[in-house]
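Visitor: Before I ask anything, let me first share the structure, which is written out below as structure tokens.
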Amino acid sequence: MEIKKTINKKRYTIATLGSHCSLQVLKGAKDEGFRTLLICEKSRSSLYRRFNFIDDMIMVDNFSEISEQFCQKRLNQTNSIVIPIGTLVAYMSSEQIESINVPFFGNKWILRWESDRNLKQKLMEEAKLKTPKPVKSKNDIERLSIVKLHGAAGGRGYFLAWNKETFEEGARKLVNQKKINSEDDLYIQEYVMGVPAYLQYFYSPITRNIELMGVDRRYESDIDGIGRIPSRQQMGIEVEPSYNVVGNIPIVLRESLLGEVYAMGERFVDAAKRLVPPGMNGPFCLEGVYDRDGNFITFEFSARIVAGTNLYLDGSPYSGLIYPQSMSMGRRIAHEIKLANGKRRIKELLT
Ligand code: ADP
């Protein structure tokens with residue numbers, strides 16, 4: 001009763017960019033009773049107009065216009081809270097994100113730690129997560145390694161190398177394709193054998209609880225298609241697999257792994273509180289590989305909602321253990337805003 005009264009007094013709009021997981025975020029916001037707004041590229045409007053849970057749209061030619069005055073003005077006029085998603089991180093620099101003058105859900109300062117490889121490594125080490133060994137230079141490649149581009153590229157352009165020559169060959173292809181300027185734009189890491197898993201968490205600064213909301217793996221082209229070609233044919237054609245994400249596949253973990261999943265999430269939240277105040281508030285994801293001994297080696301984190309949560313619009317095998325109603329990550333975000341607003345603690349959720 002009290003919560004309803006306060007919500008009516010201070011009506012927030014939940015806003016995000018039209019891509020990645022925006023449908024889930026705005027559907028969840030609507031289910032929690034909020035008005036919704038989509039910052040939409042004109043070329044994508046025919047898709048988003050199909051959904052009646054989107055109340056309002058700001059049309060732009062390019063997402064980077066979110067930092068322009070007209071966009072910020074509309075967002076502030078509508079009392080919007082912007083939910084950061086992967087598209088924001090992909091399209092804008094940390095400086096641009098930090099300079100936008102509208103309230104962001106969670107901690108916008110931590111997005112810089114997601115984009116910068118060195119900061120990222122520092123936070124994972126502070127959280128005492130096991131990580132793949134970085135390979136300092138192409139001369140140090142002694143075993144199977146994965147070569148990555150800087151920034152969130154969605155796995156695009158990644159390749160495998162097992163010595164200096166295979167590294168140079170892969171790098172040369174990327175230079176020719178104009179995907180990189182030189183070998184210096186690449187980052188080499190030990191390849192971890194095992195199976196990938198993406199652990200989707202939500203941390204509430206209001207209840208101080210961490211919640212495991214789901215687990216997924218990515219469906220990547222064309223590394224996940226290569227097994228469909230027999231080895232003789234693979235040898236005959238020159239395939240250099242890429243890791244371009246086209247979708248996500250659900251996973252449930254062995255129950256005996258869950259204790260460590262929660263422990264890793266808690267260590268990450270504690271580390272973020274120390275290194276990047278106000279900490280890892282809201283959704284985040286630890287991304288890694290389970291090796292043959294059941295150890296989780298974390299190669300990445302996302303400090304905001306990930307697209308793999310789109311699987312669980314109606315809840316997951318984990319959110320179902322916590323909430324009686326269907327609780328997607330998008331809805332969980334809106335639920336947190338409602339909870340904090342009811343307790344007059346909304347400022348703790350925003351940066
Ligand atoms: P991005 O940050 O561009 O989204 P990721 O770093 O998450 O890309 O990696 C993309 C894919 O590459 C992962 O899903 C996984 O299959 C693979 N991968 C990344 N790092 C490693 C690693 N160290 N060992 C094995 N596979 C890896």
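By order in the structure tokens, chains are A, B, ...; within a chain, residues start at 1; ligands start at 1, following the order shown.
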Got a sec to check which residues lie within 9 Å of ligand 1, using only C-alpha atoms and all ligand atoms, and send them as a PyMOL selection string?
Guide: chain A and resi 115+131-134+145-159+188-198+217-220+223+242-245+287-289+297-302
Visitor: Just the residues within 8 Å of A:Cys285, please, counting only C-alpha atoms, with nothing from its chain fewer than 3 positions along; format it as a list in words.
Guide: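 Answer for this query is Tyr198, Leu199, Gln200, Tyr201, Phe301, Ser302, Ala303, Arg304, Ile305 and Val306 of chain A.
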Visitor: Write out as a PyMOL selection string each polymer residue whose atoms come within 10 Å of stretch 162-173 of chain A, counting only C-alpha atoms; drop sequence neighbours fewer than 5 positions from it.
Guide: chain A and resi 137-147+157+178-186+188+190-191+240
Visitor: My list of candidates is A:Val269, A:Ile66, A:Val82, A:Ile210. Which is closest to A:Thr36 when distances are computed with only C-alpha atoms?
Guide: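 Checking each of A:Val269, A:Ile66, A:Val82, A:Ile210 against A:Thr36, counting only C-alpha atoms, the winner is A:Val82.
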Visitor: Measuring atom to atom with only C-alpha atoms, identify which of A:Met213, A:Val135, A:Ala127, A:Ala340 is nearest to A:Leu313.
Guide: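 Closest to A:Leu313 of all the choices is A:Met213.
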Visitor: Quick one: residues within 7 Å of A:Leu349, only C-alpha atoms counted, chain neighbours fewer than 2 positions away excluded, as a list in words?
Guide: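 These residues fall inside the cut-off: Phe105, Gly106, Ile346 and Lys347 of chain A.
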Visitor: If you keep N, CA and C atoms, can you produce a file of those selected residues as an mmCIF file, in the first residue's frame?
Guide:
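This is the output file out-v2.cif:
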```cif
data_model
loop_
_atom_site.group_PDB
_atom_site.id
_atom_site.type_symbol
_atom_site.label_atom_id
_atom_site.label_comp_id
_atom_site.auth_asym_id
_atom_site.auth_seq_id
_atom_site.Cartn_x
_atom_site.Cartn_y
_atom_site.Cartn_z
ATOM 1 N N PHE A 105 20.733 3.590 -14.035
ATOM 2 C CA PHE A 105 20.544 2.542 -13.033
ATOM 3 C C PHE A 105 21.885 1.856 -12.782
ATOM 4 N N GLY A 106 22.218 1.639 -11.510
ATOM 5 C CA GLY A 106 23.468 0.944 -11.181
ATOM 6 C C GLY A 106 24.622 1.926 -11.081
ATOM 7 N N ILE A 346 15.919 5.688 -3.456
ATOM 8 C CA ILE A 346 16.191 5.563 -4.888
ATOM 9 C C ILE A 346 17.601 6.057 -5.243
ATOM 10 N N LYS A 347 18.090 7.066 -4.537
ATOM 11 C CA LYS A 347 19.407 7.643 -4.871
ATOM 12 C C LYS A 347 20.511 6.598 -4.799
#
```
Visitor: Give the answer as one residue: which of A:Gly282, A:Gly342, A:Gly294, A:Pro230 has the shortest atom-to-atom distance to A:Leu257, using only C-alpha atoms?
Guide: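 Comparing A:Gly282, A:Gly342, A:Gly294, A:Pro230 against A:Leu257, the winner is A:Gly294.
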Visitor: Select from stretch 67-136 of chain A every residue with an atom at most 8 Å from any atom of stretch 44-63 of chain A, then for each give the shortest pair of atoms and their distance in Å to one decimal, using only C-alpha atoms, rows by chain and rising number, as JSON lines.
Guide:
```
{"residue": "A:Cys71", "atom": "CA", "partner": "A:Ile58", "partner_atom": "CA", "distance": 7.3}
{"residue": "A:Arg74", "atom": "CA", "partner": "A:Ile58", "partner_atom": "CA", "distance": 7.9}
{"residue": "A:Leu88", "atom": "CA", "partner": "A:Phe63", "partner_atom": "CA", "distance": 7.8}
{"residue": "A:Tyr91", "atom": "CA", "partner": "A:Phe63", "partner_atom": "CA", "distance": 7.0}
```
Visitor: If DSSP is run on the backbone, what residues of stretch 134-176 of chain A are strand (DSSP E or B)? A reply as a list in words would be ideal.
Guide: Pro134, Val135, Ser145, Ile146, Val147, Lys148, Leu149, Phe159, Leu160 and Ala161 of chain A
Visitor: Please, could you write that set of residues out with C-alpha atoms as a compact mmCIF listing (two decimals), in the first residue's frame?
Guide:
```txt
# COMPACT_ATOMS: atom_id res chain seq x y z
CA PRO A 134 47.62 -13.40 -20.19
CA VAL A 135 50.30 -13.98 -22.84
CA SER A 145 45.88 -19.28 -27.10
CA ILE A 146 42.91 -17.11 -27.99
CA VAL A 147 43.60 -13.74 -29.60
CA LYS A 148 41.08 -11.00 -28.87
CA LEU A 149 40.29 -7.49 -30.01
CA PHE A 159 41.04 -16.30 -33.48
CA LEU A 160 43.16 -19.14 -32.12
CA ALA A 161 46.94 -19.30 -32.34
```
Visitor: Counting only C-alpha atoms, which of A:Asn176, A:Asn295, A:Gln234, A:Gln96 gets nearest to A:Ser256?
Guide: A:Asn295
